[in-house]
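To be precise, the following lines are entry.txt, and they hold compact mmCIF, C-alpha atoms.
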# COMPACT_ATOMS: atom_id res chain seq x y z
CA MET A 24 43.78 179.54 -16.29
CA THR A 25 42.17 181.93 -13.80
CA ALA A 26 38.60 183.26 -14.09
CA GLU A 27 39.93 186.76 -14.92
CA ALA A 28 42.16 185.45 -17.66
CA ALA A 29 39.28 183.45 -19.11
CA ALA A 30 37.12 186.55 -19.07
CA GLU A 31 39.67 188.65 -20.99
CA PRO A 32 38.89 189.38 -24.62
CA ALA A 33 40.95 187.28 -27.06
CA PRO A 34 43.25 190.10 -28.35
CA VAL A 35 44.35 190.91 -24.78
CA ARG A 36 45.13 187.26 -24.12
CA GLN A 37 47.10 187.08 -27.36
CA ARG A 38 49.11 190.15 -26.41
CA ALA A 39 49.77 188.71 -22.95
CA ALA A 40 50.87 185.41 -24.49
CA ALA A 41 53.10 187.25 -26.96
CA SER A 42 54.80 189.26 -24.21
CA ALA A 43 55.34 186.09 -22.17
CA LEU A 44 57.16 184.61 -25.15
CA ARG A 45 59.15 187.70 -25.97
CA PRO A 46 62.10 187.11 -23.58
CA ARG A 47 62.73 183.80 -25.28
CA VAL A 48 63.08 185.33 -28.70
CA GLN A 49 65.13 188.39 -27.80
CA PRO A 50 68.76 187.28 -27.74
CA GLY A 51 69.97 190.33 -25.81
CA ARG A 52 67.46 189.91 -23.03
CA TRP A 53 68.12 186.18 -22.92
CA LEU A 54 71.89 186.61 -22.80
CA PHE A 55 71.91 189.17 -19.99
CA SER A 56 68.92 188.05 -17.94
CA PRO A 57 70.10 188.60 -14.32
CA VAL A 58 70.89 185.62 -12.10
CA PRO A 59 71.96 185.50 -8.43
CA LEU A 60 75.59 186.35 -7.71
CA ALA A 61 75.49 183.64 -5.04
CA ARG A 62 75.14 181.03 -7.79
CA ILE A 63 78.33 182.31 -9.41
CA ALA A 64 80.11 182.12 -6.05
CA VAL A 65 79.01 178.53 -5.38
CA LEU A 66 79.77 177.51 -8.96
CA ARG A 67 83.27 178.99 -8.71
CA VAL A 68 84.01 176.99 -5.58
CA VAL A 69 82.72 173.80 -7.23
CA VAL A 70 84.59 174.40 -10.49
CA TYR A 71 87.90 175.35 -8.83
CA LEU A 72 87.73 172.43 -6.39
CA PHE A 73 87.04 170.10 -9.31
CA VAL A 74 90.30 171.12 -11.00
CA PRO A 75 92.52 169.23 -8.48
CA VAL A 76 90.17 166.23 -8.71
CA ASP A 77 90.51 166.22 -12.49
CA VAL A 78 94.23 166.87 -12.57
CA LEU A 79 95.24 164.50 -9.75
CA LEU A 80 92.62 161.74 -9.83
CA THR A 81 90.38 161.38 -12.84
CA THR A 82 92.69 162.20 -15.75
CA THR A 83 96.06 161.08 -14.48
CA TRP A 84 97.24 160.24 -18.01
CA VAL A 85 97.91 163.93 -18.70
CA ARG A 86 100.74 164.02 -16.18
CA ALA A 87 102.16 160.83 -17.71
CA HIS A 88 102.80 162.82 -20.91
CA ALA A 89 105.69 164.41 -19.02
CA GLN A 90 107.61 161.16 -19.53
CA VAL A 91 106.70 160.66 -23.18
CA PRO A 92 109.62 161.57 -25.43
CA GLY A 93 109.13 164.82 -27.37
CA GLU A 94 109.20 162.96 -30.71
CA LEU A 95 105.68 161.71 -29.97
CA TYR A 96 104.35 165.21 -29.29
CA ALA A 97 102.04 166.35 -32.10
CA PRO A 98 101.09 169.86 -31.00
CA LEU A 99 97.63 171.28 -31.64
CA ARG A 100 97.33 174.50 -33.64
CA LEU A 101 97.13 176.38 -30.33
CA GLY A 102 100.46 174.88 -29.23
CA ARG A 103 102.14 175.79 -32.54
CA VAL A 104 100.79 179.32 -32.87
CA LEU A 105 101.60 180.54 -29.35
CA PRO A 106 104.17 178.62 -29.47
CA LEU A 107 103.98 176.48 -26.35
CA PRO A 108 106.95 174.41 -25.22
CA THR A 109 107.22 170.66 -25.89
CA PRO A 110 106.04 168.78 -22.78
CA GLY A 111 108.74 167.31 -20.60
CA PRO A 112 109.44 167.05 -16.88
CA TRP A 113 108.18 170.66 -16.46
CA VAL A 114 104.65 169.27 -16.88
CA GLU A 115 104.94 167.87 -13.35
CA ALA A 116 105.65 171.39 -12.08
CA LEU A 117 102.72 172.72 -14.10
CA GLN A 118 100.50 170.19 -12.38
CA VAL A 119 101.54 171.43 -8.95
CA VAL A 120 101.13 175.10 -9.93
CA LEU A 121 97.71 174.45 -11.50
CA VAL A 122 96.44 172.61 -8.43
CA ALA A 123 97.76 175.34 -6.11
CA ALA A 124 96.24 178.09 -8.29
CA ALA A 125 92.87 176.31 -8.29
CA LEU A 126 92.88 175.93 -4.51
CA VAL A 127 93.74 179.62 -4.11
CA ALA A 128 90.99 180.54 -6.59
CA ALA A 129 88.46 178.44 -4.65
CA LEU A 130 89.43 180.24 -1.45
CA ALA A 131 89.29 183.60 -3.22
CA ALA A 132 85.83 182.72 -4.57
CA ALA A 133 84.58 181.76 -1.12
CA ARG A 134 85.81 185.08 0.28
CA SER A 135 84.86 187.10 -2.82
CA ARG A 136 88.35 188.58 -3.10
CA LEU A 137 90.63 188.78 -6.14
CA THR A 138 88.24 186.60 -8.09
CA ARG A 139 89.25 187.94 -11.51
CA VAL A 140 93.00 187.52 -11.28
CA THR A 141 92.89 184.11 -9.56
CA GLY A 142 90.15 182.86 -11.90
CA TRP A 143 91.83 183.85 -15.14
CA LEU A 144 95.13 182.45 -13.92
CA VAL A 145 93.45 179.06 -13.45
CA ALA A 146 91.75 179.36 -16.86
CA VAL A 147 95.03 180.00 -18.68
CA LEU A 148 96.96 177.29 -16.78
CA TYR A 149 94.18 174.76 -17.37
CA LEU A 150 94.11 175.57 -21.10
CA GLU A 151 97.85 174.86 -21.27
CA TRP A 152 97.21 171.63 -19.34
CA MET A 153 94.69 170.73 -22.03
CA VAL A 154 97.23 171.37 -24.79
CA VAL A 155 99.55 168.93 -23.03
CA ALA A 156 96.64 166.48 -22.76
CA MET A 157 95.38 166.61 -26.34
CA SER A 158 98.62 166.89 -28.32
CA TYR A 159 99.45 163.20 -28.65
CA GLY A 160 97.11 162.02 -31.38
CA LYS A 161 93.73 162.04 -29.63
CA VAL A 162 91.49 164.97 -28.79
CA ASP A 163 88.62 164.55 -26.31
CA HIS A 164 85.41 166.51 -26.52
CA ASP A 165 84.27 166.48 -22.92
CA ARG A 166 85.62 169.84 -21.74
CA PHE A 167 84.40 172.60 -24.00
CA ALA A 168 81.75 173.78 -21.53
CA PHE A 169 84.16 173.44 -18.60
CA LEU A 170 86.75 175.60 -20.41
CA VAL A 171 84.08 178.17 -21.21
CA ALA A 172 83.10 178.18 -17.52
CA LEU A 173 86.72 178.75 -16.47
CA PHE A 174 87.06 181.69 -18.85
CA VAL A 175 83.72 183.42 -18.19
CA LEU A 176 83.39 183.00 -14.40
CA PRO A 177 86.12 185.58 -13.57
CA SER A 178 84.34 188.18 -15.72
CA VAL A 179 81.59 188.52 -13.12
CA GLY A 180 83.98 190.08 -10.58
CA CYS A 181 83.21 189.96 -6.89
CA ALA A 182 80.38 187.59 -5.94
CA ALA A 183 79.77 186.75 -2.30
CA LEU A 184 78.38 183.38 -1.28
CA ARG A 185 75.69 185.09 0.80
CA SER A 186 74.83 187.79 -1.70
CA ARG A 187 71.15 188.22 -2.58
CA GLU A 188 71.84 190.38 -5.58
CA ARG A 189 71.11 189.36 -9.18
CA THR A 190 73.25 190.89 -11.90
CA GLU A 191 73.45 190.90 -15.68
CA ALA A 192 77.16 190.08 -15.56
CA ALA A 193 76.31 186.88 -13.69
CA GLY A 194 73.51 186.22 -16.17
CA TRP A 195 75.85 186.50 -19.14
CA ALA A 196 78.38 184.11 -17.58
CA LEU A 197 75.71 181.48 -16.95
CA SER A 198 74.19 181.98 -20.40
CA MET A 199 77.61 181.32 -21.95
CA ILE A 200 78.04 178.11 -19.96
CA ALA A 201 74.50 177.02 -20.90
CA LEU A 202 75.25 177.71 -24.58
CA ALA A 203 78.47 175.69 -24.34
CA VAL A 204 76.74 172.75 -22.64
CA VAL A 205 74.06 172.65 -25.30
CA ALA A 206 76.59 173.11 -28.13
CA THR A 207 78.48 170.06 -26.87
CA TYR A 208 75.38 167.93 -27.49
CA THR A 209 73.82 169.56 -30.51
CA LEU A 210 77.04 170.09 -32.43
CA ALA A 211 78.00 166.47 -31.66
CA ALA A 212 74.92 165.46 -33.67
CA VAL A 213 76.07 167.77 -36.48
CA ALA A 214 79.51 166.10 -36.37
CA LYS A 215 77.87 162.69 -36.70
CA ILE A 216 76.18 163.87 -39.89
CA ARG A 217 79.41 165.43 -41.13
CA TYR A 218 81.59 162.36 -40.53
CA GLY A 219 79.13 159.49 -40.53
CA GLY A 220 76.60 160.88 -42.99
CA TRP A 221 72.84 160.79 -42.68
CA GLY A 222 73.11 157.02 -42.33
CA TRP A 223 75.00 157.28 -39.02
CA VAL A 224 71.90 156.23 -37.09
CA ASP A 225 71.68 153.01 -39.12
CA GLY A 226 75.36 152.12 -38.73
CA SER A 227 77.00 150.07 -36.00
CA THR A 228 78.88 152.71 -34.09
CA LEU A 229 77.56 151.68 -30.68
CA THR A 230 78.36 148.01 -31.38
CA TRP A 231 81.86 149.17 -32.26
CA ALA A 232 82.03 151.20 -29.03
CA VAL A 233 80.86 148.30 -26.85
CA LEU A 234 83.22 145.80 -28.56
CA ARG A 235 86.14 148.08 -27.80
CA ARG A 236 85.24 149.13 -24.26
CA ASN A 237 82.64 146.78 -22.85
CA THR A 238 81.55 146.33 -19.24
CA PRO A 239 79.50 143.48 -17.70
CA LEU A 240 76.45 145.73 -18.18
CA SER A 241 76.97 146.45 -21.86
CA GLU A 242 78.43 143.16 -23.12
CA PRO A 243 75.02 141.37 -23.33
CA LEU A 244 73.88 144.17 -25.66
CA LEU A 245 76.19 142.83 -28.36
CA ASP A 246 73.62 140.06 -28.83
CA MET A 247 70.80 142.62 -29.03
CA PRO A 248 71.75 144.77 -32.02
CA ALA A 249 68.22 146.19 -32.24
CA VAL A 250 68.68 147.80 -28.81
CA LEU A 251 71.96 149.44 -29.82
CA HIS A 252 70.41 150.50 -33.13
CA ALA A 253 67.48 152.14 -31.32
CA ALA A 254 69.92 153.75 -28.88
CA GLN A 255 71.63 155.48 -31.83
CA TYR A 256 68.32 157.06 -32.83
CA ALA A 257 67.66 158.05 -29.22
CA LEU A 258 71.12 159.59 -28.91
CA VAL A 259 70.73 161.81 -31.97
CA LEU A 260 67.21 162.78 -30.94
CA MET A 261 68.50 163.71 -27.50
CA GLU A 262 71.37 165.77 -28.91
CA LEU A 263 69.30 167.59 -31.50
CA ALA A 264 65.94 168.00 -29.82
CA ILE A 265 66.17 167.65 -26.05
CA ALA A 266 69.46 169.44 -25.36
CA PRO A 267 68.27 172.78 -26.87
CA LEU A 268 65.40 172.74 -24.35
CA LEU A 269 68.06 173.58 -21.76
CA LEU A 270 68.46 176.96 -23.45
CA VAL A 271 64.78 177.72 -23.50
CA ARG A 272 63.90 176.49 -20.07
CA TRP A 273 66.91 176.61 -17.81
CA ARG A 274 65.59 179.48 -15.74
CA GLU A 275 62.57 177.45 -14.66
CA PRO A 276 63.80 175.37 -11.70
CA ARG A 277 61.47 172.37 -11.99
CA ILE A 278 62.17 171.84 -15.67
CA THR A 279 65.88 172.48 -15.20
CA TRP A 280 66.11 169.89 -12.44
CA GLY A 281 64.41 167.40 -14.74
CA LEU A 282 66.61 168.16 -17.73
CA ALA A 283 69.89 168.37 -15.81
CA GLY A 284 68.99 165.15 -13.98
CA PHE A 285 68.23 163.50 -17.32
CA PHE A 286 71.58 164.47 -18.82
CA LEU A 287 73.56 163.56 -15.68
CA GLY A 288 71.79 160.19 -15.77
CA PHE A 289 72.72 159.82 -19.43
CA HIS A 290 76.41 160.37 -18.62
CA LEU A 291 76.27 157.86 -15.76
CA MET A 292 74.69 155.31 -18.09
CA THR A 293 77.35 155.96 -20.73
CA PHE A 294 79.98 155.38 -18.07
CA SER A 295 78.39 152.08 -17.04
CA MET A 296 78.37 150.93 -20.68
CA VAL A 297 81.69 152.09 -22.18
CA THR A 298 83.57 153.54 -19.17
CA ILE A 299 83.68 157.02 -20.66
CA ILE A 300 82.44 159.85 -18.46
CA PHE A 301 82.24 163.48 -19.43
CA LEU A 302 83.11 164.60 -15.91
CA PRO A 303 84.20 168.20 -16.62
CA HIS A 304 81.11 168.60 -18.78
CA CYS A 305 78.93 167.29 -15.93
CA ILE A 306 80.42 169.95 -13.63
CA ALA A 307 79.50 172.63 -16.19
CA LEU A 308 76.00 171.13 -16.37
CA LEU A 309 75.60 171.81 -12.63
CA SER A 310 75.67 175.55 -13.41
CA LEU A 311 72.08 175.26 -14.67
CA LEU A 312 70.85 174.23 -11.21
CA PRO A 313 69.92 176.72 -8.47
CA LEU A 314 73.22 176.21 -6.66
CA GLU A 315 72.66 179.37 -4.61
CA LYS A 316 70.25 177.36 -2.46
CA LEU A 317 73.22 175.44 -1.06
CA VAL A 318 74.05 178.58 0.94
CA PRO A 319 71.19 178.98 3.44
CA SER A 320 71.00 182.74 3.81
CA ALA A 321 71.32 183.33 0.11
CA ALA A 322 67.85 182.09 -0.68
CA PRO A 323 65.98 184.62 -2.81
CA PRO A 324 63.84 186.99 -0.75
CA MET B 13 73.60 196.50 -14.25
CA LEU B 14 76.14 196.32 -17.01
CA THR B 15 77.26 199.44 -18.85
CA ALA B 16 76.59 199.72 -22.56
CA ALA B 17 80.27 198.96 -23.22
CA GLY B 18 80.14 195.97 -20.88
CA ARG B 19 77.16 194.59 -22.79
CA ARG B 20 78.72 195.23 -26.20
CA GLY B 21 81.99 193.56 -25.22
CA ARG B 22 80.23 190.49 -23.84
CA ALA B 23 77.92 190.25 -26.85
CA LEU B 24 80.98 190.39 -29.09
CA VAL B 25 82.69 187.59 -27.12
CA THR B 26 79.52 185.51 -27.46
CA LEU B 27 79.44 186.02 -31.23
CA VAL B 28 83.13 185.25 -31.67
CA VAL B 29 82.97 182.04 -29.58
CA ALA B 30 79.79 180.94 -31.37
CA ALA B 31 81.34 181.66 -34.77
CA LEU B 32 84.52 179.74 -33.89
CA VAL B 33 82.70 176.68 -32.58
CA LEU B 34 80.33 176.62 -35.56
CA TRP B 35 83.26 177.01 -37.95
CA GLY B 36 85.05 174.19 -36.13
CA THR B 37 82.02 171.93 -36.29
CA PHE B 38 81.48 172.31 -40.03
CA LEU B 39 85.01 172.96 -41.34
CA GLY B 40 87.52 172.50 -38.52
CA GLU B 41 89.54 169.50 -37.34
CA ASP B 42 90.79 168.14 -34.02
CA ASP B 43 93.81 170.39 -34.50
CA ASP B 44 91.56 173.40 -33.80
CA PHE B 45 90.93 172.40 -30.16
CA PRO B 46 89.03 173.70 -28.23
CA PHE B 47 86.89 174.74 -31.21
CA GLY B 48 87.23 171.55 -33.25
CA PRO B 49 84.28 169.32 -34.15
CA PHE B 50 82.66 167.27 -31.37
CA LYS B 51 83.35 164.08 -33.28
CA MET B 52 83.58 161.42 -30.59
CA TYR B 53 81.74 158.39 -32.00
CA ALA B 54 80.81 160.43 -35.08
CA GLY B 55 82.14 157.86 -37.54
CA ARG B 56 79.68 155.40 -39.06
CA GLU B 57 80.62 151.75 -38.70
CA ASP B 58 79.32 149.28 -41.28
CA PRO B 59 76.84 146.72 -39.80
CA ASP B 60 78.49 144.08 -42.05
CA GLY B 61 82.00 145.39 -41.66
CA LEU B 62 85.00 145.00 -39.41
CA VAL B 63 85.64 146.47 -35.98
CA LEU B 64 89.28 147.20 -35.22
CA SER B 65 90.61 147.34 -31.69
CA THR B 66 94.21 148.18 -30.97
CA ARG B 67 96.34 147.39 -27.97
CA VAL B 68 99.97 147.73 -27.08
CA GLU B 69 101.75 144.70 -25.71
CA ALA B 70 105.31 144.27 -24.64
CA VAL B 71 107.82 141.68 -23.53
CA ASP B 72 109.89 142.59 -20.51
CA SER B 73 113.47 141.62 -19.78
CA GLY B 74 112.18 138.61 -17.83
CA GLY B 75 110.50 137.30 -20.97
CA ARG B 76 106.98 137.99 -19.71
CA LEU B 77 104.33 139.16 -22.15
CA ARG B 78 102.29 142.06 -20.81
CA VAL B 79 99.52 144.29 -22.05
CA VAL B 80 100.69 147.85 -21.70
CA ASP B 81 98.05 150.19 -20.25
CA GLU B 82 97.97 153.94 -20.63
CA THR B 83 99.56 154.75 -17.31
CA SER B 84 102.63 152.64 -17.93
CA THR B 85 103.86 154.36 -21.12
CA GLY B 86 102.11 157.71 -20.88
CA LEU B 87 100.17 157.19 -24.10
CA ARG B 88 96.50 156.18 -24.25
CA ARG B 89 95.22 153.56 -26.65
CA ALA B 90 93.45 156.16 -28.76
CA GLU B 91 96.68 158.17 -28.93
CA ILE B 92 98.57 155.13 -30.22
CA GLU B 93 95.80 154.67 -32.81
CA GLY B 94 95.92 158.36 -33.67
CA GLN B 95 99.64 158.06 -34.33
CA ALA B 96 99.53 154.56 -35.88
CA GLN B 97 100.67 155.76 -39.31
CA ARG B 98 103.69 157.54 -37.85
CA LEU B 99 104.56 154.47 -35.77
CA ARG B 100 104.35 152.18 -38.81
CA ALA B 101 106.60 154.52 -40.77
CA SER B 102 109.12 154.76 -37.91
CA PRO B 103 108.96 151.68 -35.64
CA GLU B 104 111.84 153.05 -33.56
CA LEU B 105 109.29 155.43 -32.01
CA LEU B 106 107.98 152.39 -30.12
CA GLY B 107 111.35 152.24 -28.42
CA LEU B 108 110.48 155.64 -26.98
CA LEU B 109 107.47 154.02 -25.31
CA ALA B 110 109.86 151.58 -23.65
CA ALA B 111 111.92 154.56 -22.49
CA ALA B 112 108.77 156.25 -21.16
CA HIS B 113 107.87 153.05 -19.32
CA ALA B 114 111.32 152.95 -17.73
CA ALA B 115 110.83 156.53 -16.50
CA LEU B 116 107.26 156.00 -15.26
CA ARG B 117 107.76 152.56 -13.71
CA PRO B 118 111.39 152.41 -12.58
CA ASP B 119 110.65 149.44 -10.29
CA GLU B 120 109.46 147.18 -13.09
CA PRO B 121 111.71 145.20 -15.44
CA PRO B 122 112.44 147.15 -18.64
CA LEU B 123 110.55 146.43 -21.85
CA VAL B 124 112.69 144.81 -24.54
CA GLU B 125 110.02 144.38 -27.16
CA VAL B 126 106.97 146.54 -27.86
CA ARG B 127 104.30 145.83 -30.46
CA VAL B 128 101.03 147.36 -31.55
CA VAL B 129 98.48 144.61 -32.12
CA GLU B 130 95.24 145.12 -33.99
CA ARG B 131 92.36 142.78 -33.33
CA THR B 132 89.61 142.57 -35.95
CA TYR B 133 86.05 141.47 -35.23
CA ARG B 134 83.69 140.75 -38.10
CA LEU B 135 80.09 141.97 -37.84
CA ARG B 136 77.01 140.69 -39.63
CA ASP B 137 73.79 142.68 -39.17
CA SER B 138 75.52 144.62 -36.38
CA ARG B 139 76.22 141.41 -34.44
CA PRO B 140 79.72 140.05 -33.87
CA THR B 141 80.02 136.79 -35.83
CA GLY B 142 82.66 135.46 -33.43
CA GLU B 143 85.20 135.55 -36.21
CA GLN B 144 88.33 137.35 -34.99
CA SER B 145 91.84 137.83 -36.18
CA GLU B 146 94.92 139.60 -34.92
CA ILE B 147 97.86 141.13 -36.69
CA VAL B 148 100.94 142.89 -35.39
CA LEU B 149 100.82 146.35 -36.97
CA VAL B 150 104.30 147.38 -35.97
CA SER B 151 106.90 146.13 -33.54
CA TRP B 152 110.23 147.14 -32.08
CA ARG B 153 112.89 145.08 -30.37
CA ALA B 154 115.63 146.50 -28.17
CA PRO B 155 118.94 146.45 -30.01
Using the file provided, produce a representation of the structure as structure tokens.
Amino acid sequence: MTAEAAAEPAPVRQRAAASALRPRVQPGRWLFSPVPLARIAVLRVVVYLFVPVDVLLTTTWVRAHAQVPGELYAPLRLGRVLPLPTPGPWVEALQVVLVAAALVAALAAARSRLTRVTGWLVAVLYLEWMVVAMSYGKVDHDRFAFLVALFVLPSVGCAALRSRERTEAAGWALSMIALAVVATYTLAAVAKIRYGGWGWVDGSTLTWAVLRRNTPLSEPLLDMPAVLHAAQYALVLMELAIAPLLLVRWREPRITWGLAGFFLGFHLMTFSMVTIIFLPHCIALLSLLPLEKLVPSAAPP
Amino acid sequence: MLTAAGRRGRALVTLVVAALVLWGTFLGEDDDFPFGPFKMYAGREDPDGLVLSTRVEAVDSGGRLRVVDETSTGLRRAEIEGQAQRLRASPELLGLLAAAHAALRPDEPPLVEVRVVERTYRLRDSRPTGEQSEIVLVSWRAP
């Protein structure tokens, strides 16, 4: 506290404190708080370049659905309502088209041209790719924030990598991704209460997880049930209490670096224990970081 | 700066997405992807109960027993588990996995027998007791 602030009469200090808090409690101001266009541009390039990585390298099992006979296809509501075709050999063509569209979108993002049309094309194709992925009896929950990112990023329109401008449209897109990232954690805790009951934390879910998918790092934990039990409490605490901090604080770089680093570390640890990594979610998590600093001349004035 | 209409439209999108994902979390199911509940590891396992782990194994035309991984039939373990009831009701569907294997791995000998095996571990106080058993849930043999 400075000498001037200390000398201020109490009501003035209270008013100042109240106005400092106000942006955090006004949803409209929070939702549209301007952010640099350059961050959108960098994020687009990262997101669109991740699509080929995801589609060709890290989730290769989606393409394998092309060879699974249609009788084993159990379409999601989305696939029944639209109605989307039963996967078959055409899925291999979809893979090629999706990868090509993502590469074009990344190039368009880098040059700030045709960002809407190329971005939404990727979003729609990727959603269809997800229907092919999730329609065989198992739905994953690692891509909600990534899907939200794909659908909101084009809405910003043109955004040059070297832009110094901050806009509300960019702010809204990042707020949506932040909301989706946090929802993935916090609503996962709600789901644990819904399906596992209030006693979820005292169950053996992590023992079950490690028995089914152990690694040399996690196997010794089977003999230390107290550690896994404590980890269940820590997990729910993290999902319910720490994740929402991302919404309150993500515009403050130091805190954001700490929180994003914490969650990225959490996903790496999960991977080392049960070989499950929320990679698309981790990419969405990057949106909270000041990515615009990766482009030298785009540093804020 | 956004126009008033631009703000209203975006605020509406935010509300609709939030409403859908909240609805999905409390009332929806996996079927409602991408708005279904985030229920990975949401089930509670009993500290004195059983842990079930499923795998698919197969015998190829050379008589070799092999564990079938997700890239060789196109279905992941969790997908087989998700469809276990259907497979038990119609074991011939396992034959389709053999067909998928033939398409995905044309260089390998064809599968002539496919079975879904469930291994059970018993827990006491959240610790595996070492007691294990295995049963074949459903199997199919090439005609």
Inset, instruction - Have a look at B:Val148, B:Ala101, B:Val129, B:Leu87 and name the one nearest to chain A; count all atoms listed in the file. - result: B:Leu87
Inset, instruction - Find the spatial neighbours of stretch 73-83 of chain B, counting all atoms listed in the file, within a cut-off of 9 Å - ignore same-chain residues fewer than 2 positions away - and output them as JSON, numbers by chain. - result: {"A": [83, 84, 87], "B": [67, 68, 69, 70, 71, 85, 86, 87, 88, 89, 113, 116, 121, 122, 123, 124, 125, 126]}
Grab the residues selected above and save them as an mmCIF file, in the frame of the given file with C-alpha atoms.
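Wrote it out as part_23.cif, contents follow:
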data_model
loop_
_atom_site.group_PDB
_atom_site.id
_atom_site.type_symbol
_atom_site.label_atom_id
_atom_site.label_comp_id
_atom_site.auth_asym_id
_atom_site.auth_seq_id
_atom_site.Cartn_x
_atom_site.Cartn_y
_atom_site.Cartn_z
ATOM 1 C CA THR A 83 96.060 161.080 -14.480
ATOM 2 C CA TRP A 84 97.240 160.240 -18.010
ATOM 3 C CA ALA A 87 102.160 160.830 -17.710
ATOM 4 C CA ARG B 67 96.340 147.390 -27.970
ATOM 5 C CA VAL B 68 99.970 147.730 -27.080
ATOM 6 C CA GLU B 69 101.750 144.700 -25.710
ATOM 7 C CA ALA B 70 105.310 144.270 -24.640
ATOM 8 C CA VAL B 71 107.820 141.680 -23.530
ATOM 9 C CA THR B 85 103.860 154.360 -21.120
ATOM 10 C CA GLY B 86 102.110 157.710 -20.880
ATOM 11 C CA LEU B 87 100.170 157.190 -24.100
ATOM 12 C CA ARG B 88 96.500 156.180 -24.250
ATOM 13 C CA ARG B 89 95.220 153.560 -26.650
ATOM 14 C CA HIS B 113 107.870 153.050 -19.320
ATOM 15 C CA LEU B 116 107.260 156.000 -15.260
ATOM 16 C CA PRO B 121 111.710 145.200 -15.440
ATOM 17 C CA PRO B 122 112.440 147.150 -18.640
ATOM 18 C CA LEU B 123 110.550 146.430 -21.850
ATOM 19 C CA VAL B 124 112.690 144.810 -24.540
ATOM 20 C CA GLU B 125 110.020 144.380 -27.160
ATOM 21 C CA VAL B 126 106.970 146.540 -27.860
#
Inset, instruction - Tell me the residues of chain A close to chain B, meaning within 7 Å using all atoms listed in the file, as a VMD selection string. - result: chain A and resid 84 87 to 88 90 to 92 99 to 100 159 to 162 164 167 190 to 192 207 210 to 211 214 to 215 218 to 219 223 226 to 228 230 to 231 235 245 to 246 248
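Atom pair atom CA of A:Pro243 / atom CA of A:Ile299: separated by 18.1 Å.
With only C-alpha atoms as the atoms that count, the residue of A:Leu130, A:Leu229, A:Leu121, A:Leu308 with the shortest distance to A:Met247 is A:Leu229.
Atom CA of A:His304 is positioned 23.5 Å from atom CA of A:Pro98.
The two atoms in question, atom CA of A:Val224 and atom CA of A:Ala254, are spaced 8.8 Å apart.
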